[in-house]
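Asker: This structure is in structure tokens; I'll ask about it shortly.
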Amino acid sequence: MEEKLRAIAQEAKQLLDRATNMDQLNEIRVKFLGKKGELTKVLRGMGALSADERPRIGQLANSVQADLEDYLNHSMSEVKNKELEAQLAGEKIDVTLPGTPFSLGKNHPLTRVQQEIEDIFLGLGFSIMEGPEIETDFYNFEALNIPKDHPARDMQDTFFTGPEELLRTHTSPIQIRTMEKTAPQVPLKIIAPGRVYRRDDDATHSPMFHQVEGLAVDTRITFADLKGVLQIFAEEMFGIKTRTRFRPSYFPFTEPSAEMDISCVMCGGKGCRVCSRTGWLEILGCGMVNPRVLEVSGYDAEKFTGFAFGMGVERIAMLKYGIDDMRLLFDNDLRFLAQI
Amino acid sequence: MRVSFKWLQEYVDIPVSPSELADKLTAVGLAVEGYEDLGAQVDKVFTGKIIKIDVHPNADKLVICTVDVGGGENLQIVTGATNINENDVVPVAVEGARLAGGLKIKKTKLRGIESRGMLCSGGELGLDPESMPEEQAHGIMILSPDTPLGLDAKPLTGLDDVILELELTPNRGDCLSMVGVAREVAAIYNKQLKMPAPDLKSQSESIAGKVKVDIEEPHLCRRYIAKLLTGVKVFPSPDWMQERLRAVGIRPINNVVDVTNYILMELGQPLHAFDYHKLKEGHIIVRSARQDEKIVTLDGAERTLSGEMLVITDPTGPVAIAGVMGGLESEVTEETAAVLLESASFDPVSVRRTANALALRSESSLRFEKGVDINGCLRAAERAAQLLQAMGACDVTEGNVDNYSNPVGNKTLSVRPDRVNHVLGTNISAGVCSDILSRLQFSVQEGTEGEVLVTVPTFRPDISLEADLIEEVARMYGYDKVPQTLPQGESTRGARTKRQSLIQKVRQILTGCGLYEVITYSFHSRTEFDRLGVPADSPLRNTVALQNPLSEEQAVMRTLMLPGILDVLQRNYSRRNSNGAVFGIGTVFYPRAKEELPAEREKIAAAVMGNTPKAWGTPSHTMDFYHLKGVLEALFRSLNISSYSFEPVSAEPGYHPGRTARVCVKGNDIGFLGEIHPQVLENYELPDRVAALELDLETFLEFAANFGRYHKLPKFPGVERDLALVVPQEVAVRDVLRVIKKAGGELLKEVELFDVYQGRQVQEGSKSLAFSLQFQAQDRTLTDKEIDACISAITSRLAKDVNAELRS
């Protein structure tokens, strides 16, 4: 009996060694370890053994069974590994093929720049106001201290839709409309983005373009505050190393007035073609709100001061994206829109 | 304005170089936009006298000149010039010389004859031919005959000068002159301003009885000075004056005209010289023009005047348009023997209106409309007389007619140094404020309460408020010295409104769906409506029109976004960008009868053409009606808009009658979605399928929300059943869905259409629809029996209401 057990163990192991797949392994398991398997048959014959031998053979049979089960498990995991390897090898794909395409569009570059400007000023506590694109002469000019027949009207060639109605030439009327509604409450801090119109059409002018206006009114707003706020704007918009320069200028609705230049975004101020070798780029007009404008809008100009600024979105977009012809921005060529 | 550095030095000592001055002027608000070193390119050009002119043996059009350049040996120079004579003194470029434009002069042979240099024209030296005397504009420059020979020609031709091109702001009319700029320079460097002080000796009898001036419109002409010059001799003005005029871009004409131009540039006072004998009775009348009165101006054009224009007349009619341009009839000519010199002050608005109405902007009108110093008129008249007298060109009659009934005095303003610092955020002392203002020629006195009393001279009409004086202090103190701070005081909230953030979200979703944003003009051509097939009586044709459009293409404000969007597709299609998906957000304008301003509505429009991108493994599909509808449905879902519907319409302008829907949200019409009408596609030269939509953004955002609401997730599993139906072809899927939902009751959670089939396997006139139905209960797992009951309720309802059969 002992020999028989050993022979079974040996035979089973030989078969297991030769098996190459799970089906074969299962057959072997049934044949030797199953309920009607070889090992069971031998154990059924235990009754014929002497009482002396029974415990010993019993022990042997158990160890043979345990040994075989181990052997079987080991073979099974080996075969499984081989099968998995074979599966993986067969499933290889070309990972360099492009992925399933998802079509994505883009916001227009002017929108992106405008949103960037908005976000900077939102962070500085300004809220966003809007106003009509067709304006009255009063809001577009007179309230801004530009009476009829004033030479400053030459600065803004205007489209008229009626004797007193026109396409706004700047976003400044929104200053007046907002102040009228808010006065005499302070603090007032707003920006006003929007489409504006002037009778110009060439590589650097478009009859329709975009501006962002800014206005702050409070009891103690200073020209120094204007410089500080715009310095932050310049750094956020054009990079932390951007320097600003303020030059006296003239706008009827601000006094003192200034033009703000930034150090050239291309050459950093050394002088290049973009900045006409000056190292500076003119970027926006600004100033302290003219007392007449404050008074027209309902603020006591002795008690309150304010600053205002206005910038062209196209100009900034052209600098940021390196565009040299403004007309591209309104041409809407899909290759252009996808590119930048 | 062109400013000659050399000329400027006559009025002020400038302690810096021209380029440093340019930077400084920019820093105080006189922006220098151009810098021109006139002689930078020119070298080795000397004065030389043409001793002899010989014919060229081999060329008819060339001559051989023998030229003395003061260096002992005469030079032989071959030239093609025709305006030279023996004994002329001319600029001579010798061997090794450099000329404007980079030309280098070498010894050469012209048609076999050696030539050792070149006689120069003004243009070759870099002078603007337009500023040269007529006869020299295209020939050799002829210098004064007494010029020493062998001198560097640059100083003699004005090439040792630097021109600063000033871009003046409209408020600084006072700087439209050399003296005006010199005044700023004197203030910057704390130097003395040297005003020209005419020292006039009258030589002939009194003006009395010879000239009479009547001003009929004293509010439009507050001062009129007439000065009479007799014994006038008209000849070219001296070199120094020609050189200065040339430097600032004015062509020398003759001494009388040149002097008026010289004063214009020196003092900023426009003068006009009349031929005295052409004025009837020496009588000047300043009055409004008669309606349709005519005058031929100096430029030879006949001008028709209107009643709002101010004219200078004699008893017979107009002789000049006041402050704008003189008349040809009374022009100074070589025969002129006596000159009546006008130095006047005209109303800025009147001059501006007249110049605009006649489209005639002159150097004179440019200055008057910005304000000319009324108290400078006399100095200008006397200075002009003195200059002409000094050239021996006239005798000066004793006295002036000075019609100035209401003399204008200087105004006084007060400025508080505290206020200066309050506005600027600086710490400038009262002393510094006063110093700056007095350097600018304001007279300054201390007031009683610490304020500074400032007397503003009449040459600064731009100064009328304390704020203006604050700016004067700030710009001279230096904007760069003002610190950078942030606003103090109560802080404010910076946030987008709900509407503003929803619009941002709309953009995100649409770009996420593959659409590119485009920006189109708010105006278009009137014919756009014909192209789009808008009926003649459609209210859409009622537009806000521009009174002064740049072109017919931009004549009216849009009432629709669609034309602009279709134009974008067309432009792209013509450039072979044949697959396109775009959207735009913009304003449309509707006239309103009773309101001052038109109504403005914010719209969103989108359009698609062509196919989705070709790619391996994913079939490309046509971007048609359903593609764009899918985009719109995605937009609705992300804006948490659930109750929307699409109703078929058949007569919307521009759209295909069988492929267009009205879009409704909660029962409100918000716009249209459809394919573009084939005829319209043809008009726009577009491919044969374009789908588009245009919606009223404001209405539809009213129903949008940034957030949805949470509903409990089901605990019990749902069951899915498919339902395949055959229905008559004309039945709309929307109606089938309504029946299914109604009949399915509470347990039916969702219905999705997943297949539509028309073809051989379905009877003609019918279509097959396949739906996937999801059943679920909140409180239990549903049994087959319950679901079967639901399905049979649905199918029997479908059979009755939409004539549907189950597909076998």
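Note on naming: chains are A, B, ... as they come in the structure tokens, residues start from 1 per chain, ligands start from 1 in the order shown.
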DSSP on the backbone, strand (DSSP E or B) only: what residues of stretch 172-286 of chain A does that give? Format it as number ranges by chain.

Answerer: A: 188-197, 202, 205, 208-218, 244-251, 254-263, 280-286

Asker: Give one line per residue of chain A that approaches chain B to at most 6 Å, naming the two atoms of the closest pair and their distance in Å to one decimal, counting only C-alpha atoms; sort by chain then ascending residue number and deliver it as JSON lines.

Answerer:
{"residue": "A:Ser103", "atom": "CA", "partner": "B:Gly514", "partner_atom": "CA", "distance": 4.5}
{"residue": "A:Leu104", "atom": "CA", "partner": "B:Gly514", "partner_atom": "CA", "distance": 3.9}
{"residue": "A:Gly105", "atom": "CA", "partner": "B:Thr511", "partner_atom": "CA", "distance": 4.1}
{"residue": "A:Lys106", "atom": "CA", "partner": "B:Tyr516", "partner_atom": "CA", "distance": 5.0}
{"residue": "A:Asn107", "atom": "CA", "partner": "B:Glu517", "partner_atom": "CA", "distance": 4.9}
{"residue": "A:His108", "atom": "CA", "partner": "B:Glu517", "partner_atom": "CA", "distance": 5.0}
{"residue": "A:Leu122", "atom": "CA", "partner": "B:Gly494", "partner_atom": "CA", "distance": 4.4}
{"residue": "A:Gly125", "atom": "CA", "partner": "B:Gly494", "partner_atom": "CA", "distance": 4.0}
{"residue": "A:Phe126", "atom": "CA", "partner": "B:Gly494", "partner_atom": "CA", "distance": 4.6}
{"residue": "A:Ser127", "atom": "CA", "partner": "B:Gly494", "partner_atom": "CA", "distance": 4.6}
{"residue": "A:Asp149", "atom": "CA", "partner": "B:Val349", "partner_atom": "CA", "distance": 5.7}
{"residue": "A:Ala152", "atom": "CA", "partner": "B:Pro170", "partner_atom": "CA", "distance": 5.9}
{"residue": "A:Phe159", "atom": "CA", "partner": "B:Asn548", "partner_atom": "CA", "distance": 6.0}
{"residue": "A:Phe160", "atom": "CA", "partner": "B:Gln547", "partner_atom": "CA", "distance": 5.4}
{"residue": "A:Thr161", "atom": "CA", "partner": "B:Leu546", "partner_atom": "CA", "distance": 4.7}
{"residue": "A:Thr222", "atom": "CA", "partner": "B:Val423", "partner_atom": "CA", "distance": 4.9}
{"residue": "A:Phe223", "atom": "CA", "partner": "B:Leu424", "partner_atom": "CA", "distance": 4.5}
{"residue": "A:Ala224", "atom": "CA", "partner": "B:Gln484", "partner_atom": "CA", "distance": 4.9}
{"residue": "A:Asp225", "atom": "CA", "partner": "B:Thr485", "partner_atom": "CA", "distance": 4.7}
{"residue": "A:Lys227", "atom": "CA", "partner": "B:Gln484", "partner_atom": "CA", "distance": 5.2}
{"residue": "A:Gly228", "atom": "CA", "partner": "B:Gln484", "partner_atom": "CA", "distance": 4.1}
{"residue": "A:Arg247", "atom": "CA", "partner": "B:Ala27", "partner_atom": "CA", "distance": 5.5}
{"residue": "A:Pro248", "atom": "CA", "partner": "B:Gly29", "partner_atom": "CA", "distance": 4.3}
{"residue": "A:Ser249", "atom": "CA", "partner": "B:Gly29", "partner_atom": "CA", "distance": 5.5}
{"residue": "A:Tyr250", "atom": "CA", "partner": "B:Thr169", "partner_atom": "CA", "distance": 6.0}
{"residue": "A:Glu255", "atom": "CA", "partner": "B:Ala467", "partner_atom": "CA", "distance": 5.9}
{"residue": "A:Pro256", "atom": "CA", "partner": "B:Glu471", "partner_atom": "CA", "distance": 4.5}
{"residue": "A:Asn332", "atom": "CA", "partner": "B:Val518", "partner_atom": "CA", "distance": 5.8}
{"residue": "A:Asp333", "atom": "CA", "partner": "B:Asn572", "partner_atom": "CA", "distance": 5.9}

Asker: Name the residues of stretch 544-662 of chain B that fall into alpha helix (DSSP H) according to DSSP on the backbone, using the chain letters and numbers of this document, as number ranges by chain.

Answerer: B: 562-574, 625-638

Asker: Hey, can you spit out that residue selection with N, CA and C atoms as a tab-separated table (two decimals), in the first residue's frame?

Answerer:
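Final output, out_6.tsv:
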chain	number	residue	atom	x	y	z
B	562	LEU	N	-27.00	86.63	-37.88
B	562	LEU	CA	-26.78	85.59	-38.87
B	562	LEU	C	-25.94	86.03	-40.07
B	563	PRO	N	-26.22	87.19	-40.68
B	563	PRO	CA	-25.43	87.57	-41.87
B	563	PRO	C	-23.94	87.60	-41.58
B	564	GLY	N	-23.56	88.18	-40.44
B	564	GLY	CA	-22.13	88.24	-40.10
B	564	GLY	C	-21.53	86.86	-39.96
B	565	ILE	N	-22.31	85.95	-39.36
B	565	ILE	CA	-21.82	84.59	-39.14
B	565	ILE	C	-21.68	83.85	-40.49
B	566	LEU	N	-22.68	84.04	-41.36
B	566	LEU	CA	-22.61	83.39	-42.67
B	566	LEU	C	-21.44	83.93	-43.49
B	567	ASP	N	-21.18	85.23	-43.34
B	567	ASP	CA	-20.02	85.83	-44.02
B	567	ASP	C	-18.72	85.17	-43.57
B	568	VAL	N	-18.63	84.92	-42.28
B	568	VAL	CA	-17.42	84.28	-41.75
B	568	VAL	C	-17.27	82.89	-42.38
B	569	LEU	N	-18.38	82.14	-42.44
B	569	LEU	CA	-18.29	80.80	-43.04
B	569	LEU	C	-17.89	80.92	-44.51
B	570	GLN	N	-18.48	81.90	-45.20
B	570	GLN	CA	-18.18	82.04	-46.61
B	570	GLN	C	-16.70	82.34	-46.84
B	571	ARG	N	-16.18	83.29	-46.02
B	571	ARG	CA	-14.78	83.65	-46.19
B	571	ARG	C	-13.89	82.43	-45.98
B	572	ASN	N	-14.25	81.64	-44.97
B	572	ASN	CA	-13.45	80.46	-44.70
B	572	ASN	C	-13.60	79.41	-45.81
B	573	TYR	N	-14.85	79.25	-46.28
B	573	TYR	CA	-15.10	78.27	-47.33
B	573	TYR	C	-14.30	78.62	-48.57
B	574	SER	N	-14.25	79.92	-48.90
B	574	SER	CA	-13.54	80.34	-50.10
B	574	SER	C	-12.03	80.12	-49.95
B	625	PHE	N	-28.13	69.78	-39.18
B	625	PHE	CA	-29.11	70.26	-38.22
B	625	PHE	C	-28.97	69.55	-36.87
B	626	TYR	N	-28.86	68.21	-36.93
B	626	TYR	CA	-28.87	67.46	-35.67
B	626	TYR	C	-27.58	67.66	-34.88
B	627	HIS	N	-26.48	67.90	-35.60
B	627	HIS	CA	-25.22	68.18	-34.91
B	627	HIS	C	-25.37	69.46	-34.08
B	628	LEU	N	-25.88	70.50	-34.74
B	628	LEU	CA	-26.00	71.78	-34.04
B	628	LEU	C	-27.06	71.70	-32.94
B	629	LYS	N	-28.11	70.90	-33.21
B	629	LYS	CA	-29.14	70.73	-32.19
B	629	LYS	C	-28.53	70.04	-30.96
B	630	GLY	N	-27.66	69.08	-31.23
B	630	GLY	CA	-26.99	68.39	-30.12
B	630	GLY	C	-26.16	69.36	-29.28
B	631	VAL	N	-25.49	70.28	-29.98
B	631	VAL	CA	-24.70	71.29	-29.27
B	631	VAL	C	-25.62	72.13	-28.38
B	632	LEU	N	-26.75	72.53	-28.96
B	632	LEU	CA	-27.67	73.38	-28.21
B	632	LEU	C	-28.24	72.63	-27.00
B	633	GLU	N	-28.55	71.34	-27.21
B	633	GLU	CA	-29.08	70.55	-26.09
B	633	GLU	C	-28.04	70.40	-24.98
B	634	ALA	N	-26.79	70.24	-25.40
B	634	ALA	CA	-25.72	70.16	-24.40
B	634	ALA	C	-25.65	71.47	-23.61
B	635	LEU	N	-25.82	72.58	-24.35
B	635	LEU	CA	-25.78	73.90	-23.69
B	635	LEU	C	-26.92	74.00	-22.68
B	636	PHE	N	-28.11	73.58	-23.11
B	636	PHE	CA	-29.26	73.62	-22.18
B	636	PHE	C	-28.98	72.78	-20.94
B	637	ARG	N	-28.46	71.57	-21.15
B	637	ARG	CA	-28.19	70.71	-19.99
B	637	ARG	C	-27.20	71.37	-19.05
B	638	SER	N	-26.13	71.95	-19.60
B	638	SER	CA	-25.13	72.51	-18.67
B	638	SER	C	-25.62	73.78	-17.99

Asker: Which polymer residues have any atom within 12 Å of an atom of stretch 734-740 of chain B, counting only C-alpha atoms, with same-chain residues fewer than 3 positions away left out, as a PyMOL selection string?

Answerer: chain B and resi 644-648+723-731+743-753+768-774+790-805

Asker: Mind checking which residues fall within 9 Å of A:Val265, counting only C-alpha atoms, ignoring those fewer than 5 positions away in the same chain, and posting them as a list in words?

Answerer: Phe238, Gly239, Thr242, Val274, Cys275, Gly279, Trp280, Leu281, Leu319 and Lys320 of chain A

Asker: Keeping N, CA, C and O atoms, export the residues of the selection given above as a JSON list (two decimals), in the first residue's frame.

Answerer:
[["chain", "number", "residue", "atom", "x", "y", "z"],
["A", 238, "PHE", "N", 1.41, 91.45, -18.35],
["A", 238, "PHE", "CA", 2.58, 91.30, -19.23],
["A", 238, "PHE", "C", 3.78, 90.67, -18.54],
["A", 238, "PHE", "O", 4.84, 90.55, -19.14],
["A", 239, "GLY", "N", 3.63, 90.29, -17.29],
["A", 239, "GLY", "CA", 4.74, 89.64, -16.62],
["A", 239, "GLY", "C", 5.29, 90.50, -15.49],
["A", 239, "GLY", "O", 5.27, 91.72, -15.56],
["A", 242, "THR", "N", 7.57, 93.63, -15.77],
["A", 242, "THR", "CA", 7.16, 94.78, -16.58],
["A", 242, "THR", "C", 7.28, 96.08, -15.78],
["A", 242, "THR", "O", 6.82, 96.17, -14.65],
["A", 274, "VAL", "N", 9.46, 96.50, -32.62],
["A", 274, "VAL", "CA", 8.10, 96.63, -32.09],
["A", 274, "VAL", "C", 7.90, 97.95, -31.34],
["A", 274, "VAL", "O", 6.88, 98.61, -31.46],
["A", 275, "CYS", "N", 8.93, 98.35, -30.56],
["A", 275, "CYS", "CA", 8.77, 99.58, -29.76],
["A", 275, "CYS", "C", 9.42, 100.77, -30.46],
["A", 275, "CYS", "O", 9.68, 101.80, -29.83],
["A", 279, "GLY", "N", 12.08, 101.29, -26.49],
["A", 279, "GLY", "CA", 12.04, 100.47, -25.27],
["A", 279, "GLY", "C", 10.70, 100.53, -24.56],
["A", 279, "GLY", "O", 10.47, 99.82, -23.58],
["A", 280, "TRP", "N", 9.79, 101.36, -25.06],
["A", 280, "TRP", "CA", 8.49, 101.55, -24.39],
["A", 280, "TRP", "C", 7.35, 101.35, -25.36],
["A", 280, "TRP", "O", 7.47, 101.64, -26.54],
["A", 281, "LEU", "N", 6.23, 100.87, -24.83],
["A", 281, "LEU", "CA", 5.02, 100.71, -25.63],
["A", 281, "LEU", "C", 3.88, 101.46, -24.96],
["A", 281, "LEU", "O", 3.62, 101.27, -23.77],
["A", 319, "LEU", "N", -0.14, 92.73, -29.03],
["A", 319, "LEU", "CA", 1.16, 92.60, -28.37],
["A", 319, "LEU", "C", 1.34, 91.20, -27.79],
["A", 319, "LEU", "O", 2.39, 90.58, -27.92],
["A", 320, "LYS", "N", 0.28, 90.69, -27.16],
["A", 320, "LYS", "CA", 0.41, 89.38, -26.50],
["A", 320, "LYS", "C", 0.58, 88.24, -27.50],
["A", 320, "LYS", "O", 1.32, 87.30, -27.26]]

Asker: Between A:His74, A:Lys41, A:Lys36, A:Lys92, which is the closest to A:Leu16 once you count only C-alpha atoms?

Answerer: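 Checking each of A:His74, A:Lys41, A:Lys36, A:Lys92 against A:Leu16, counting only C-alpha atoms, the winner is A:His74.
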
Asker: Which residues are close to B:Val339, i.e. within 9 Å by only C-alpha atoms, leaving aside same-chain residues fewer than 6 positions away? Reply as a PyMOL selection string.

Answerer: chain B and resi 227-232+256+273-277+332+394

Asker: At what distance in Å, to one decimal, does atom CA of B:Phe700 lie from atom CA of B:Ala536?

Answerer: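 So the two atoms, atom CA of B:Ala536 and atom CA of B:Phe700, lie 28.7 Å apart.
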
Asker: Name all residues at most 7 Å from stretch 308-310 of chain A (count only C-alpha atoms; drop same-chain ones fewer than 3 positions away) and give them as an mmCIF file with N, CA, C and O atoms, in the first residue's frame.

Answerer:
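Once written, selection28.cif looks like this:
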data_model
loop_
_atom_site.group_PDB
_atom_site.id
_atom_site.type_symbol
_atom_site.label_atom_id
_atom_site.label_comp_id
_atom_site.auth_asym_id
_atom_site.auth_seq_id
_atom_site.Cartn_x
_atom_site.Cartn_y
_atom_site.Cartn_z
ATOM 1 N N GLN A 211 -12.729 98.250 -25.950
ATOM 2 C CA GLN A 211 -12.014 98.951 -24.889
ATOM 3 C C GLN A 211 -12.408 98.382 -23.542
ATOM 4 O O GLN A 211 -13.470 97.791 -23.397
ATOM 5 N N VAL A 212 -11.553 98.597 -22.568
ATOM 6 C CA VAL A 212 -11.944 98.373 -21.185
ATOM 7 C C VAL A 212 -11.666 99.663 -20.428
ATOM 8 O O VAL A 212 -10.567 100.204 -20.474
ATOM 9 N N GLU A 213 -12.720 100.165 -19.805
ATOM 10 C CA GLU A 213 -12.658 101.416 -19.064
ATOM 11 C C GLU A 213 -12.543 101.068 -17.583
ATOM 12 O O GLU A 213 -13.061 100.058 -17.147
ATOM 13 N N GLY A 214 -11.885 101.905 -16.841
ATOM 14 C CA GLY A 214 -11.844 101.693 -15.394
ATOM 15 C C GLY A 214 -12.147 102.978 -14.665
ATOM 16 O O GLY A 214 -11.852 104.067 -15.166
ATOM 17 N N LEU A 215 -12.766 102.863 -13.492
ATOM 18 C CA LEU A 215 -13.111 104.066 -12.723
ATOM 19 C C LEU A 215 -13.112 103.726 -11.239
ATOM 20 O O LEU A 215 -13.638 102.685 -10.830
ATOM 21 N N ALA A 216 -12.481 104.580 -10.449
ATOM 22 C CA ALA A 216 -12.561 104.440 -8.994
ATOM 23 C C ALA A 216 -12.873 105.808 -8.423
ATOM 24 O O ALA A 216 -12.242 106.798 -8.794
ATOM 25 N N LEU A 284 -2.101 102.591 -22.543
ATOM 26 C CA LEU A 284 -3.414 103.104 -22.142
ATOM 27 C C LEU A 284 -3.336 104.569 -21.736
ATOM 28 O O LEU A 284 -2.273 105.106 -21.440
ATOM 29 N N GLY A 285 -4.526 105.197 -21.712
ATOM 30 C CA GLY A 285 -4.656 106.571 -21.244
ATOM 31 C C GLY A 285 -5.366 106.566 -19.901
ATOM 32 O O GLY A 285 -6.202 105.694 -19.627
ATOM 33 N N CYS A 286 -5.025 107.526 -19.056
ATOM 34 C CA CYS A 286 -5.610 107.529 -17.721
ATOM 35 C C CYS A 286 -5.502 108.914 -17.106
ATOM 36 O O CYS A 286 -4.931 109.824 -17.701
ATOM 37 N N GLY A 287 -6.020 109.046 -15.907
ATOM 38 C CA GLY A 287 -5.896 110.322 -15.214
ATOM 39 C C GLY A 287 -6.846 110.399 -14.040
ATOM 40 O O GLY A 287 -7.561 109.438 -13.729
ATOM 41 N N MET A 288 -6.816 111.551 -13.379
ATOM 42 C CA MET A 288 -7.745 111.800 -12.277
ATOM 43 C C MET A 288 -9.014 112.393 -12.875
ATOM 44 O O MET A 288 -8.946 113.301 -13.710
ATOM 45 N N VAL A 289 -10.159 111.868 -12.447
ATOM 46 C CA VAL A 289 -11.429 112.306 -13.044
ATOM 47 C C VAL A 289 -11.549 113.825 -12.917
ATOM 48 O O VAL A 289 -11.369 114.381 -11.823
#

Asker: Interatomic distance between atom CA of B:Asn190 and atom CA of B:Pro18?

Answerer: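 Result for atom CA of B:Asn190 versus atom CA of B:Pro18: 17.1 Å, one decimal.
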
Asker: Which polymer residues have any atom within 12 Å of an atom of A:Tyr321, counting only C-alpha atoms, with same-chain residues fewer than 6 positions away left out, as a list in words?

Answerer: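 Counting only C-alpha atoms, the residues come to Pro109, Leu110, Arg112, Val113, Phe238, Val265, Met266, Val313, Glu314, Arg315, Leu328, Leu329, Phe336, Leu337, Gln339 and Ile340 of chain A.
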
Asker: Kindly export the residues of the current selection with N, CA, C and O atoms, as an mmCIF file, in the first residue's frame.

Answerer:
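Saved file selection18.cif follows:
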data_model
loop_
_atom_site.group_PDB
_atom_site.id
_atom_site.type_symbol
_atom_site.label_atom_id
_atom_site.label_comp_id
_atom_site.auth_asym_id
_atom_site.auth_seq_id
_atom_site.Cartn_x
_atom_site.Cartn_y
_atom_site.Cartn_z
ATOM 1 N N PRO A 109 -9.524 85.445 -29.554
ATOM 2 C CA PRO A 109 -8.411 86.031 -28.777
ATOM 3 C C PRO A 109 -8.796 87.325 -28.059
ATOM 4 O O PRO A 109 -8.316 87.576 -26.951
ATOM 5 N N LEU A 110 -9.670 88.120 -28.657
ATOM 6 C CA LEU A 110 -10.071 89.368 -27.984
ATOM 7 C C LEU A 110 -10.867 89.068 -26.718
ATOM 8 O O LEU A 110 -10.727 89.743 -25.709
ATOM 9 N N ARG A 112 -10.529 86.383 -24.933
ATOM 10 C CA ARG A 112 -9.603 85.845 -23.922
ATOM 11 C C ARG A 112 -8.845 86.973 -23.244
ATOM 12 O O ARG A 112 -8.686 86.979 -22.020
ATOM 13 N N VAL A 113 -8.392 87.931 -24.047
ATOM 14 C CA VAL A 113 -7.653 89.051 -23.448
ATOM 15 C C VAL A 113 -8.583 89.874 -22.558
ATOM 16 O O VAL A 113 -8.227 90.255 -21.441
ATOM 17 N N PHE A 238 1.414 91.448 -18.352
ATOM 18 C CA PHE A 238 2.577 91.302 -19.234
ATOM 19 C C PHE A 238 3.777 90.670 -18.545
ATOM 20 O O PHE A 238 4.839 90.547 -19.139
ATOM 21 N N VAL A 265 7.393 94.508 -24.482
ATOM 22 C CA VAL A 265 7.216 93.089 -24.186
ATOM 23 C C VAL A 265 8.130 92.206 -25.042
ATOM 24 O O VAL A 265 8.365 91.047 -24.706
ATOM 25 N N MET A 266 8.638 92.765 -26.151
ATOM 26 C CA MET A 266 9.492 91.969 -27.020
ATOM 27 C C MET A 266 10.946 92.011 -26.556
ATOM 28 O O MET A 266 11.615 90.997 -26.470
ATOM 29 N N VAL A 313 -8.389 96.785 -26.205
ATOM 30 C CA VAL A 313 -8.165 95.336 -26.081
ATOM 31 C C VAL A 313 -7.361 94.819 -27.272
ATOM 32 O O VAL A 313 -6.476 93.969 -27.125
ATOM 33 N N GLU A 314 -7.649 95.362 -28.462
ATOM 34 C CA GLU A 314 -6.926 94.922 -29.665
ATOM 35 C C GLU A 314 -5.428 95.128 -29.508
ATOM 36 O O GLU A 314 -4.623 94.263 -29.838
ATOM 37 N N ARG A 315 -5.075 96.320 -29.044
ATOM 38 C CA ARG A 315 -3.655 96.663 -28.888
ATOM 39 C C ARG A 315 -2.958 95.629 -27.990
ATOM 40 O O ARG A 315 -1.890 95.137 -28.311
ATOM 41 N N LEU A 328 -6.755 91.085 -38.991
ATOM 42 C CA LEU A 328 -6.804 89.637 -38.748
ATOM 43 C C LEU A 328 -7.789 89.294 -37.638
ATOM 44 O O LEU A 328 -8.414 88.238 -37.645
ATOM 45 N N LEU A 329 -7.912 90.209 -36.670
ATOM 46 C CA LEU A 329 -8.774 89.929 -35.524
ATOM 47 C C LEU A 329 -10.248 89.920 -35.904
ATOM 48 O O LEU A 329 -11.071 89.366 -35.195
ATOM 49 N N PHE A 336 -6.441 80.899 -38.262
ATOM 50 C CA PHE A 336 -5.926 81.884 -37.307
ATOM 51 C C PHE A 336 -6.498 81.621 -35.916
ATOM 52 O O PHE A 336 -5.771 81.573 -34.916
ATOM 53 N N LEU A 337 -7.816 81.400 -35.859
ATOM 54 C CA LEU A 337 -8.456 81.212 -34.556
ATOM 55 C C LEU A 337 -7.961 79.945 -33.858
ATOM 56 O O LEU A 337 -7.867 79.892 -32.642
ATOM 57 N N GLN A 339 -5.023 78.697 -34.279
ATOM 58 C CA GLN A 339 -3.587 78.783 -34.041
ATOM 59 C C GLN A 339 -3.261 79.456 -32.712
ATOM 60 O O GLN A 339 -2.355 79.023 -32.008
ATOM 61 N N ILE A 340 -3.953 80.531 -32.410
ATOM 62 C CA ILE A 340 -3.490 81.352 -31.285
ATOM 63 C C ILE A 340 -4.386 81.249 -30.053
ATOM 64 O O ILE A 340 -5.411 80.645 -30.101
#

Asker: Between atom CA of A:Met1 and atom CA of A:Tyr71, what distance in Å does the model show, to one decimal?

Answerer: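 One can read the atom CA of A:Met1 to atom CA of A:Tyr71 distance as 21.6 Å.
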